[in-house]
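Undergrad: Sharing a structure below in structure tokens format, with a few things to ask.
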Amino acid sequence: MYDAIIVGARVAGAPVALLLARKGYRVLLVDRATFPSDTLSTHYIHQPGVAALQRWGVLEAATAGSPAITNFTMDFGPLVLNGWGPACDGVLEGYAPRRSVLDTALVEAARAAGAEVREGFSIQELTFADGRVTGIRGRERGGTTVTEQGRIVIGADGLHSAVAKAVHAPAYQERPVQACYYYSYFSDFGLGTAIYPREGNVAVHFPTNDGLSVLAVGWKPAEFARVRQDIDRSFYAALERISPALSEAVQGASRAERWTGTADVPNFFRKPFGPGWALVGDAGYHKDPVTGYGITDAFRDAETLAAALDAGLSGREDLEQALAGYEQTRNAFAMPMYEFILQLAAQEAPPPEMQMLLGSLVGRPEEITRFCGLLDGTVSIPEYFAPDNLQRVIAGALTPAAD
């Protein structure tokens, strides 16, 4: 009997396994993939996520070969802002490692902490007794079907979570798909990290491992069928529309890998717990990837869930109440960020009040730092957009500088 069985061993499941195993719980971590391996990903880890890797003692391994990122450009067309968000727990850098590096480091850290890890393991079904999840049934590649029992089964198996489907986890705060995306890896690309929101498109680029950079373009969802018919032509034409300077920079670069794309980017929260089960990462909360906040969210929620499970499994708290607190904590942070992300992903011109705010930031490094912190999760979105603060920011741009 395991204390926890975790389905999915990437950026949500492996940290939960690591944290529970370090507290002495008997943990089984399974994944249908084997590691190292890649996966569809935003790559990016914001300062709070990097701070988590540092707390867990895996920062060096998880970001090996990936350069630190300490500057960010927001190119809105008529105006361009350059800056960086505040530090989090003393961590100022962001990173965008390949998932083959990041996920492997997390899995190995979980294994070293004492979690039992089974790679190449496919889940066939969950087991139930009296309406409660009691374990899993599945098999390793080439192996026989086995049944494993656990006090709780955790779905960390992504957007199309088999655990969430099996327990009929209800969704809420659902929003329409905002965009579709294609990205690839480029060598000899001279620009750093930037986002280019435009009407009808968005582009993002940042450095990753092996001297490569990730370049991604987003279109309206209805464009996906057209774009996939000729990805090269659509991608480079979009870059030319978005920014001639960016288009010129890409012409001097070389695409090093295949195109990766998707239109499967729904926006929702799921109830993340029930009798004998819990959800974490994209299995419990999924949103448009435009800000690259998914990995950072997964790390935060992994810590919150692990703390709730420790409280419940140890008997210090009622397990259901502890997991209800996990959902409340997740939503208190994620919901304001969720709405902010969807506004950026909409590929529409900023409303007049946002244009006024953005214009008021030009030439004011301290205010640009705070605005960047909205994207990093180091500045509170509700507090920043409070009327008194917006009035202060905009009024400051209208006040003549002292001689």
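So you can find residues: chains in the structure tokens are A, B, ... in the order shown, residues in each start at 1, and ligands are numbered from 1 in order.
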Using only C-alpha atoms, which residues sit within 7 Å of region 1-13 of chain A once same-chain residues fewer than 4 positions away are excluded, as a PyMOL selection string?
TA: chain A and resi 17+25-31+103+107+149-157+280-281+295+298-299+302
Undergrad: Neighbours of region 164-166 of chain A within 9 Å (only C-alpha atoms; same-chain residues fewer than 6 positions away dropped), as a list of chain:residue names?
TA: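 Here the answer would be A:Glu125, A:Leu126, A:Gly155, A:Asp157, A:Arg270, A:Pro272, A:Trp277, A:Ala278, A:Leu279, A:Ala283, A:Gly284.
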Undergrad: Write the residues of the selection above to a file with N, CA and C atoms, as a CSV table (one decimal), in the first residue's frame.
TA:
chain,number,residue,atom,x,y,z
A,125,GLU,N,-6.8,1.8,-15.9
A,125,GLU,CA,-8.0,2.3,-15.2
A,125,GLU,C,-7.6,2.6,-13.7
A,126,LEU,N,-8.5,3.3,-13.1
A,126,LEU,CA,-8.4,3.5,-11.6
A,126,LEU,C,-9.2,2.4,-11.0
A,155,GLY,N,-3.6,12.8,-10.0
A,155,GLY,CA,-3.5,13.0,-11.5
A,155,GLY,C,-2.6,14.2,-11.8
A,157,ASP,N,-1.3,14.2,-14.9
A,157,ASP,CA,-1.1,13.7,-16.3
A,157,ASP,C,-1.7,14.7,-17.3
A,270,ARG,N,-10.4,22.8,-13.0
A,270,ARG,CA,-11.1,21.6,-12.6
A,270,ARG,C,-11.1,21.6,-11.0
A,272,PRO,N,-10.0,20.1,-7.9
A,272,PRO,CA,-8.8,19.3,-7.9
A,272,PRO,C,-8.7,18.2,-6.8
A,277,TRP,N,-8.7,11.0,-4.4
A,277,TRP,CA,-8.0,11.5,-5.6
A,277,TRP,C,-7.7,13.0,-5.5
A,278,ALA,N,-6.7,13.5,-6.3
A,278,ALA,CA,-6.4,14.9,-6.4
A,278,ALA,C,-5.8,15.2,-7.8
A,279,LEU,N,-5.8,16.4,-8.2
A,279,LEU,CA,-5.3,16.8,-9.5
A,279,LEU,C,-4.3,18.0,-9.2
A,283,ALA,N,-3.6,19.2,-15.3
A,283,ALA,CA,-4.8,18.3,-15.1
A,283,ALA,C,-5.9,19.0,-14.3
A,284,GLY,N,-5.4,20.0,-13.5
A,284,GLY,CA,-6.4,20.7,-12.6
A,284,GLY,C,-6.7,22.1,-13.1
Undergrad: With distances taken over only C-alpha atoms, which residue among A:Leu40, A:Leu342, A:Met335, A:Ile394 lies nearest Ile381 (chain A)?
TA: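 Of A:Leu40, A:Leu342, A:Met335, A:Ile394, the one nearest Ile381 (chain A), counting only C-alpha atoms, is A:Met335.
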Undergrad: Write out as a list in words each polymer residue whose atoms come within 8 Å of region 193-200 of chain A, counting only C-alpha atoms; drop sequence neighbours fewer than 6 positions from it.
TA: Ile69, Asn71, Phe72, Thr73, Met74, Asp75, Phe76, Gly77, Phe206, Pro207, Trp219, Lys220, Ile242, Leu344, Gln347, Glu348 and Ala349 of chain A
Undergrad: For the selection you just gave me, I'd like the residues written to a file as a PDB file, in the first residue's frame, keeping C-alpha atoms.
TA:
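Wrote it out as again-v9.pdb, contents follow:
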ATOM      1  CA  ILE A  69      17.256  35.366 -18.543  1.00  0.00           C
ATOM      2  CA  ASN A  71      15.746  41.113 -19.512  1.00  0.00           C
ATOM      3  CA  PHE A  72      12.400  41.114 -21.263  1.00  0.00           C
ATOM      4  CA  THR A  73      10.998  43.169 -24.148  1.00  0.00           C
ATOM      5  CA  MET A  74       7.295  43.861 -24.578  1.00  0.00           C
ATOM      6  CA  ASP A  75       6.838  45.116 -28.121  1.00  0.00           C
ATOM      7  CA  PHE A  76       3.323  46.489 -28.571  1.00  0.00           C
ATOM      8  CA  GLY A  77       4.107  48.031 -31.962  1.00  0.00           C
ATOM      9  CA  PHE A 206      13.543  33.245 -25.761  1.00  0.00           C
ATOM     10  CA  PRO A 207      16.856  31.341 -25.434  1.00  0.00           C
ATOM     11  CA  TRP A 219      -2.960  32.999 -34.598  1.00  0.00           C
ATOM     12  CA  LYS A 220      -6.685  33.120 -34.024  1.00  0.00           C
ATOM     13  CA  ILE A 242       4.184  41.402 -36.581  1.00  0.00           C
ATOM     14  CA  LEU A 344      -3.099  39.048 -23.601  1.00  0.00           C
ATOM     15  CA  GLN A 347      -4.847  39.077 -30.066  1.00  0.00           C
ATOM     16  CA  GLU A 348      -6.842  42.277 -29.947  1.00  0.00           C
ATOM     17  CA  ALA A 349      -5.758  45.900 -29.658  1.00  0.00           C
TER      18      ALA A 349
END
Undergrad: Which residue gives the smallest distance to Val16 (chain A) among A:Asp301, A:Glu119, A:Glu240, A:Asp89, with only C-alpha atoms counted?
TA: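 Of A:Asp301, A:Glu119, A:Glu240, A:Asp89, the one nearest Val16 (chain A) is A:Asp301, counting only C-alpha atoms.
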Undergrad: Identify all residues of region 162-274 of chain A in helix (DSSP H, G or I) (DSSP on the backbone) and supply them as a PyMOL selection string.
TA: chain A and resi 162-167+209-211+221-229+231-242+244-251
Undergrad: Report as a ChimeraX atom specification all protein, DNA and RNA residues lying within 12 Å of Ser41 (chain A), evaluated on only C-alpha atoms, omitting residues in the same chain fewer than 3 positions from it.
TA: /A:10-11,37-38,44-45,96-100,102-103,158-159,181-184,214,216,260-262,265,282,288-295
Undergrad: Let's have the selection written as a CSV table (one decimal), in the first residue's frame, with N, CA and C atoms.
TA:
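Result file follows (result.csv):
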chain,number,residue,atom,x,y,z
A,10,ARG,N,6.1,14.6,-14.8
A,10,ARG,CA,6.8,15.7,-15.4
A,10,ARG,C,6.7,16.9,-14.3
A,11,VAL,N,6.5,18.1,-14.8
A,11,VAL,CA,6.7,19.3,-13.9
A,11,VAL,C,5.7,19.5,-12.8
A,37,SER,N,13.0,12.8,-22.3
A,37,SER,CA,12.1,12.9,-23.4
A,37,SER,C,11.5,14.3,-23.5
A,38,ASP,N,11.2,14.7,-24.7
A,38,ASP,CA,10.6,16.1,-24.8
A,38,ASP,C,9.1,16.0,-24.8
A,44,TYR,N,9.2,28.0,-20.4
A,44,TYR,CA,9.7,29.2,-19.5
A,44,TYR,C,9.4,28.9,-18.1
A,45,ILE,N,10.4,29.3,-17.2
A,45,ILE,CA,10.2,29.3,-15.8
A,45,ILE,C,10.5,30.7,-15.2
A,96,ALA,N,14.6,29.0,-19.4
A,96,ALA,CA,13.7,28.3,-20.3
A,96,ALA,C,14.3,27.0,-20.8
A,97,PRO,N,14.5,26.0,-19.9
A,97,PRO,CA,15.2,24.8,-20.3
A,97,PRO,C,14.4,23.9,-21.2
A,98,ARG,N,15.1,23.0,-22.0
A,98,ARG,CA,14.4,22.0,-22.7
A,98,ARG,C,13.7,21.0,-21.7
A,99,ARG,N,12.6,20.5,-22.0
A,99,ARG,CA,11.9,19.6,-21.1
A,99,ARG,C,12.7,18.3,-20.9
A,100,SER,N,13.5,17.9,-21.9
A,100,SER,CA,14.3,16.7,-21.7
A,100,SER,C,15.3,16.8,-20.6
A,102,LEU,N,14.9,19.4,-18.0
A,102,LEU,CA,14.1,19.8,-16.8
A,102,LEU,C,13.4,18.6,-16.2
A,103,ASP,N,12.6,17.9,-17.0
A,103,ASP,CA,11.8,16.8,-16.5
A,103,ASP,C,12.7,15.6,-15.9
A,158,GLY,N,-1.7,15.9,-17.1
A,158,GLY,CA,-1.8,16.9,-18.1
A,158,GLY,C,-3.3,17.3,-18.5
A,159,LEU,N,-3.4,18.0,-19.5
A,159,LEU,CA,-4.6,18.6,-20.0
A,159,LEU,C,-5.7,17.5,-20.2
A,181,TYR,N,-1.1,27.8,-32.0
A,181,TYR,CA,0.4,28.1,-32.0
A,181,TYR,C,1.2,27.1,-32.8
A,182,TYR,N,2.3,27.6,-33.3
A,182,TYR,CA,3.4,26.8,-33.8
A,182,TYR,C,4.7,27.4,-33.3
A,183,TYR,N,5.6,26.5,-33.0
A,183,TYR,CA,7.0,27.0,-32.6
A,183,TYR,C,8.0,26.0,-33.1
A,184,SER,N,9.3,26.5,-33.1
A,184,SER,CA,10.4,25.6,-33.4
A,184,SER,C,11.6,26.2,-32.7
A,214,VAL,N,13.9,29.5,-28.9
A,214,VAL,CA,12.5,29.1,-29.3
A,214,VAL,C,11.8,30.3,-29.8
A,216,ALA,N,7.9,31.3,-31.3
A,216,ALA,CA,6.6,30.8,-31.4
A,216,ALA,C,5.7,31.9,-32.0
A,260,THR,N,6.4,22.4,-34.1
A,260,THR,CA,5.5,21.8,-33.1
A,260,THR,C,4.3,22.8,-33.0
A,261,GLY,N,3.1,22.3,-33.1
A,261,GLY,CA,2.0,23.2,-33.0
A,261,GLY,C,0.7,22.5,-32.4
A,262,THR,N,-0.2,23.4,-32.0
A,262,THR,CA,-1.4,22.9,-31.4
A,262,THR,C,-2.5,24.0,-31.5
A,265,VAL,N,-5.8,24.3,-26.9
A,265,VAL,CA,-5.5,25.1,-25.7
A,265,VAL,C,-6.7,25.7,-25.0
A,282,ASP,N,-1.5,20.9,-15.2
A,282,ASP,CA,-2.5,21.1,-16.2
A,282,ASP,C,-3.7,20.2,-16.1
A,288,ASP,N,-4.2,29.5,-21.7
A,288,ASP,CA,-3.4,29.8,-22.9
A,288,ASP,C,-2.0,30.0,-22.5
A,289,PRO,N,-1.0,29.5,-23.3
A,289,PRO,CA,0.4,29.5,-22.9
A,289,PRO,C,1.1,30.8,-23.2
A,290,VAL,N,0.4,31.9,-23.6
A,290,VAL,CA,1.1,33.1,-24.1
A,290,VAL,C,2.1,33.7,-23.2
A,291,THR,N,1.9,33.6,-21.8
A,291,THR,CA,2.8,34.1,-20.9
A,291,THR,C,3.8,33.1,-20.4
A,292,GLY,N,3.7,31.8,-20.8
A,292,GLY,CA,4.6,30.8,-20.4
A,292,GLY,C,4.5,30.5,-18.9
A,293,TYR,N,3.4,30.6,-18.3
A,293,TYR,CA,3.3,30.5,-16.8
A,293,TYR,C,2.9,29.1,-16.4
A,294,GLY,N,2.8,28.2,-17.3
A,294,GLY,CA,2.3,26.8,-16.9
A,294,GLY,C,3.3,26.1,-16.0
A,295,ILE,N,4.6,26.1,-16.2
A,295,ILE,CA,5.5,25.4,-15.4
A,295,ILE,C,5.6,26.0,-14.0
Undergrad: Considering only C-alpha atoms, return as a list of chain:residue names whatever protein or nucleic-acid residues lie within 10 Å of Arg111 (chain A), sequence-local ones (same chain, fewer than 2 positions apart) excluded.
TA: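 The residues that qualify are A:Ala14, A:Ala17, A:Leu18, A:Ala21, A:Val27, A:Leu28, A:Leu29, A:Ala105, A:Leu106, A:Val107, A:Glu108, A:Ala109, A:Ala113, A:Gly114, A:Ala115, A:Glu116, A:Val117, A:Arg118.
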Undergrad: For the residues in that selection, give me C-alpha atoms as a CSV table (one decimal), in the first residue's frame.
TA:
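As written to disk, out_24.csv reads:
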chain,number,residue,atom,x,y,z
A,14,ALA,CA,7.7,14.8,-10.0
A,17,ALA,CA,6.7,12.9,-5.4
A,18,LEU,CA,9.9,14.6,-4.4
A,21,ALA,CA,9.1,11.2,-0.4
A,27,VAL,CA,5.3,7.2,-3.1
A,28,LEU,CA,4.8,5.5,-6.5
A,29,LEU,CA,5.4,7.8,-9.5
A,105,ALA,CA,16.2,16.3,-13.3
A,106,LEU,CA,12.9,16.4,-11.5
A,107,VAL,CA,12.3,12.6,-12.0
A,108,GLU,CA,15.8,11.8,-10.8
A,109,ALA,CA,15.4,14.0,-7.7
A,113,ALA,CA,14.4,11.2,-2.4
A,114,GLY,CA,13.0,7.7,-2.2
A,115,ALA,CA,10.0,7.7,-4.5
A,116,GLU,CA,9.5,4.5,-6.6
A,117,VAL,CA,9.5,5.6,-10.3
A,118,ARG,CA,8.1,3.4,-13.1
Undergrad: Rounded to one decimal in Å, what is the spacing between CA of Arg300 (chain A) and CA of Pro48 (chain A)?
TA: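 Going from CA of Arg300 (chain A) over to CA of Pro48 (chain A), I get 8.0 Å.
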Undergrad: Using only C-alpha atoms for the distances, tell me which of A:Pro365, A:Pro352, A:Gly396, A:Gly276 is nearest to Phe128 (chain A).
TA: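 Smallest separation from Phe128 (chain A) among the options: A:Gly276.
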Undergrad: List the spatial neighbours of Gly90 (chain A) as a list in words - criterion: any atom at most 12 Å away, only C-alpha atoms, same-chain residues fewer than 4 positions off excluded.
TA: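 The contact residues come out as Gln47, Pro48, Val50, Ala51, Ala52, Gln54, Arg55, Pro86 and Thr378 of chain A.
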Undergrad: Kindly save the residues from that selection, with N, CA and C atoms included, as a PDB file, in the first residue's frame.
TA:
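Written file, selection_9.pdb:
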ATOM      1  N   GLN A  47      10.555  33.722 -12.210  1.00  0.00           N
ATOM      2  CA  GLN A  47      11.328  33.794 -10.966  1.00  0.00           C
ATOM      3  C   GLN A  47      10.741  32.955  -9.824  1.00  0.00           C
ATOM      4  N   PRO A  48       9.419  32.955  -9.581  1.00  0.00           N
ATOM      5  CA  PRO A  48       8.904  32.099  -8.502  1.00  0.00           C
ATOM      6  C   PRO A  48       9.162  30.613  -8.752  1.00  0.00           C
ATOM      7  N   VAL A  50      11.740  29.409 -10.503  1.00  0.00           N
ATOM      8  CA  VAL A  50      13.179  29.202 -10.296  1.00  0.00           C
ATOM      9  C   VAL A  50      13.480  29.136  -8.803  1.00  0.00           C
ATOM     10  N   ALA A  51      12.807  29.984  -8.027  1.00  0.00           N
ATOM     11  CA  ALA A  51      12.988  29.959  -6.571  1.00  0.00           C
ATOM     12  C   ALA A  51      12.580  28.595  -6.006  1.00  0.00           C
ATOM     13  N   ALA A  52      11.526  27.990  -6.564  1.00  0.00           N
ATOM     14  CA  ALA A  52      11.115  26.658  -6.107  1.00  0.00           C
ATOM     15  C   ALA A  52      12.193  25.628  -6.409  1.00  0.00           C
ATOM     16  N   GLN A  54      15.282  26.127  -6.628  1.00  0.00           N
ATOM     17  CA  GLN A  54      16.376  26.383  -5.691  1.00  0.00           C
ATOM     18  C   GLN A  54      16.050  25.805  -4.314  1.00  0.00           C
ATOM     19  N   ARG A  55      14.817  25.970  -3.852  1.00  0.00           N
ATOM     20  CA  ARG A  55      14.426  25.398  -2.561  1.00  0.00           C
ATOM     21  C   ARG A  55      14.558  23.882  -2.563  1.00  0.00           C
ATOM     22  N   PRO A  86      10.538  41.982 -10.476  1.00  0.00           N
ATOM     23  CA  PRO A  86      11.269  41.906  -9.207  1.00  0.00           C
ATOM     24  C   PRO A  86      11.753  40.498  -8.910  1.00  0.00           C
ATOM     25  N   THR A 378       5.297  38.066  -9.612  1.00  0.00           N
ATOM     26  CA  THR A 378       5.953  38.662  -8.451  1.00  0.00           C
ATOM     27  C   THR A 378       5.270  39.951  -8.005  1.00  0.00           C
TER      28      THR A 378
END
Undergrad: Between CA of Leu20 (chain A) and CA of Ala306 (chain A), what is the spacing in Å?
TA: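 We find that CA of Ala306 (chain A) and CA of Leu20 (chain A) lie 6.2 Å from each other.
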Undergrad: Distance CA of Pro382 (chain A)-CA of Ala332 (chain A), one decimal place?
TA: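 Interatomic distance here is 10.5 Å.
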Undergrad: Between A:Ile341, A:Met356, A:Cys180, A:Ala322, which is the closest to Ala263 (chain A) once you count only C-alpha atoms?
TA: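 Looking only at the distances to Ala263 (chain A), the closest residue turns out to be A:Cys180.
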Undergrad: Neighbouring residues of Ser360 (chain A) were defined as those with any atom within 9 Å, considering only C-alpha atoms; residues of the same chain fewer than 3 positions away were excluded. Please report them as number ranges by chain.
TA: A: 355-357, 363-364, 367, 393-398
Undergrad: As an NGL selection string, list the residues of region 12-161 of chain A assigned to strand (DSSP E or B) by DSSP on the backbone atoms of this structure.
TA: :A and (27-31 or 45 or 69 or 72-75 or 80-83 or 88 or 91 or 94-95 or 116-119 or 121-129 or 132-140 or 146-150 or 153-155)
Undergrad: Take the selection from the previous step and output its residues with N, CA and C atoms, as a compact mmCIF listing (two decimals), in the first residue's frame.
TA:
# COMPACT_ATOMS: atom_id res chain seq x y z
N VAL A 27 5.82 6.57 -1.88
CA VAL A 27 5.28 7.20 -3.08
C VAL A 27 5.60 6.36 -4.31
N LEU A 28 4.60 6.17 -5.17
CA LEU A 28 4.78 5.55 -6.48
C LEU A 28 4.51 6.61 -7.54
N LEU A 29 5.49 6.84 -8.41
CA LEU A 29 5.39 7.82 -9.48
C LEU A 29 5.47 7.09 -10.81
N VAL A 30 4.43 7.21 -11.64
CA VAL A 30 4.40 6.49 -12.92
C VAL A 30 4.19 7.47 -14.06
N ASP A 31 4.73 7.10 -15.22
CA ASP A 31 4.53 7.90 -16.43
C ASP A 31 4.65 6.99 -17.65
N ILE A 45 10.37 29.31 -17.23
CA ILE A 45 10.20 29.26 -15.77
C ILE A 45 10.46 30.67 -15.24
N ILE A 69 17.94 34.28 -17.85
CA ILE A 69 17.26 35.37 -18.54
C ILE A 69 16.99 36.47 -17.54
N PHE A 72 13.62 41.48 -20.55
CA PHE A 72 12.40 41.11 -21.26
C PHE A 72 11.90 42.33 -22.04
N THR A 73 11.54 42.10 -23.30
CA THR A 73 11.00 43.17 -24.15
C THR A 73 9.53 42.90 -24.43
N MET A 74 8.71 43.91 -24.21
CA MET A 74 7.29 43.86 -24.58
C MET A 74 7.09 44.85 -25.72
N ASP A 75 6.95 44.31 -26.91
CA ASP A 75 6.84 45.12 -28.12
C ASP A 75 5.37 45.17 -28.53
N VAL A 80 7.49 50.25 -27.12
CA VAL A 80 8.28 49.10 -26.71
C VAL A 80 8.77 49.33 -25.29
N LEU A 81 8.57 48.34 -24.42
CA LEU A 81 9.03 48.42 -23.05
C LEU A 81 10.10 47.36 -22.82
N ASN A 82 11.21 47.76 -22.21
CA ASN A 82 12.27 46.83 -21.85
C ASN A 82 12.46 46.85 -20.34
N GLY A 83 12.50 45.69 -19.73
CA GLY A 83 12.69 45.65 -18.28
C GLY A 83 12.73 44.24 -17.77
N CYS A 88 12.24 37.10 -6.60
CA CYS A 88 11.38 36.29 -5.74
C CYS A 88 12.27 35.46 -4.83
N VAL A 91 15.72 35.43 -5.89
CA VAL A 91 16.01 34.92 -7.23
C VAL A 91 15.54 35.95 -8.26
N GLY A 94 15.20 34.21 -14.72
CA GLY A 94 14.30 33.23 -15.29
C GLY A 94 15.11 32.27 -16.15
N TYR A 95 14.51 31.13 -16.51
CA TYR A 95 15.15 30.15 -17.39
C TYR A 95 14.10 29.55 -18.30
N GLU A 116 9.38 5.59 -5.61
CA GLU A 116 9.51 4.53 -6.60
C GLU A 116 9.02 5.08 -7.93
N VAL A 117 9.84 5.02 -8.96
CA VAL A 117 9.52 5.58 -10.27
C VAL A 117 9.41 4.45 -11.29
N ARG A 118 8.30 4.42 -12.00
CA ARG A 118 8.12 3.45 -13.08
C ARG A 118 7.88 4.22 -14.38
N GLU A 119 8.87 4.18 -15.26
CA GLU A 119 8.75 4.83 -16.56
C GLU A 119 8.15 3.85 -17.56
N PHE A 121 5.08 3.34 -18.14
CA PHE A 121 3.96 2.66 -17.47
C PHE A 121 2.65 3.31 -17.93
N SER A 122 1.77 2.49 -18.51
CA SER A 122 0.49 2.99 -19.02
C SER A 122 -0.64 2.63 -18.07
N ILE A 123 -1.44 3.64 -17.73
CA ILE A 123 -2.60 3.42 -16.87
C ILE A 123 -3.76 2.87 -17.71
N GLN A 124 -4.34 1.81 -17.25
CA GLN A 124 -5.53 1.25 -17.90
C GLN A 124 -6.81 1.75 -17.24
N GLU A 125 -6.79 1.83 -15.91
CA GLU A 125 -7.97 2.32 -15.19
C GLU A 125 -7.62 2.59 -13.74
N LEU A 126 -8.49 3.34 -13.06
CA LEU A 126 -8.40 3.50 -11.62
C LEU A 126 -9.24 2.41 -10.97
N THR A 127 -8.89 2.08 -9.75
CA THR A 127 -9.71 1.14 -8.98
C THR A 127 -10.50 1.93 -7.94
N PHE A 128 -11.71 1.44 -7.64
CA PHE A 128 -12.62 2.12 -6.72
C PHE A 128 -13.17 1.13 -5.71
N ALA A 129 -13.54 1.65 -4.55
CA ALA A 129 -14.28 0.89 -3.55
C ALA A 129 -15.19 1.85 -2.80
N ARG A 132 -14.84 5.52 -3.69
CA ARG A 132 -13.55 6.15 -3.42
C ARG A 132 -12.48 5.52 -4.29
N VAL A 133 -11.58 6.35 -4.83
CA VAL A 133 -10.44 5.83 -5.59
C VAL A 133 -9.50 5.12 -4.63
N THR A 134 -9.09 3.92 -5.01
CA THR A 134 -8.22 3.13 -4.14
C THR A 134 -6.87 2.78 -4.76
N GLY A 135 -6.73 3.04 -6.08
CA GLY A 135 -5.46 2.70 -6.70
C GLY A 135 -5.53 2.77 -8.21
N ILE A 136 -4.58 2.12 -8.86
CA ILE A 136 -4.49 2.13 -10.32
C ILE A 136 -4.27 0.72 -10.83
N ARG A 137 -4.62 0.52 -12.09
CA ARG A 137 -4.31 -0.73 -12.78
C ARG A 137 -3.63 -0.37 -14.10
N GLY A 138 -2.50 -1.00 -14.39
CA GLY A 138 -1.78 -0.69 -15.61
C GLY A 138 -0.58 -1.60 -15.77
N ARG A 139 0.28 -1.25 -16.73
CA ARG A 139 1.43 -2.12 -16.97
C ARG A 139 2.57 -1.35 -17.61
N GLU A 140 3.76 -1.83 -17.36
CA GLU A 140 4.93 -1.30 -18.04
C GLU A 140 5.02 -1.92 -19.44
N VAL A 146 -0.68 -4.94 -13.65
CA VAL A 146 -0.57 -4.99 -12.19
C VAL A 146 -1.57 -4.00 -11.59
N THR A 147 -1.96 -4.25 -10.37
CA THR A 147 -2.82 -3.34 -9.61
C THR A 147 -2.05 -2.87 -8.39
N GLU A 148 -2.04 -1.55 -8.20
CA GLU A 148 -1.35 -0.96 -7.05
C GLU A 148 -2.36 -0.14 -6.25
N GLN A 149 -2.29 -0.25 -4.93
CA GLN A 149 -3.21 0.45 -4.05
C GLN A 149 -2.52 1.64 -3.40
N GLY A 150 -3.30 2.70 -3.19
CA GLY A 150 -2.75 3.89 -2.56
C GLY A 150 -3.81 4.60 -1.74
N VAL A 153 -4.67 8.84 -5.04
CA VAL A 153 -4.14 8.82 -6.40
C VAL A 153 -4.17 10.25 -6.92
N ILE A 154 -3.04 10.72 -7.42
CA ILE A 154 -2.90 12.11 -7.86
C ILE A 154 -2.74 12.13 -9.36
N GLY A 155 -3.61 12.85 -10.05
CA GLY A 155 -3.50 13.03 -11.48
C GLY A 155 -2.64 14.23 -11.80
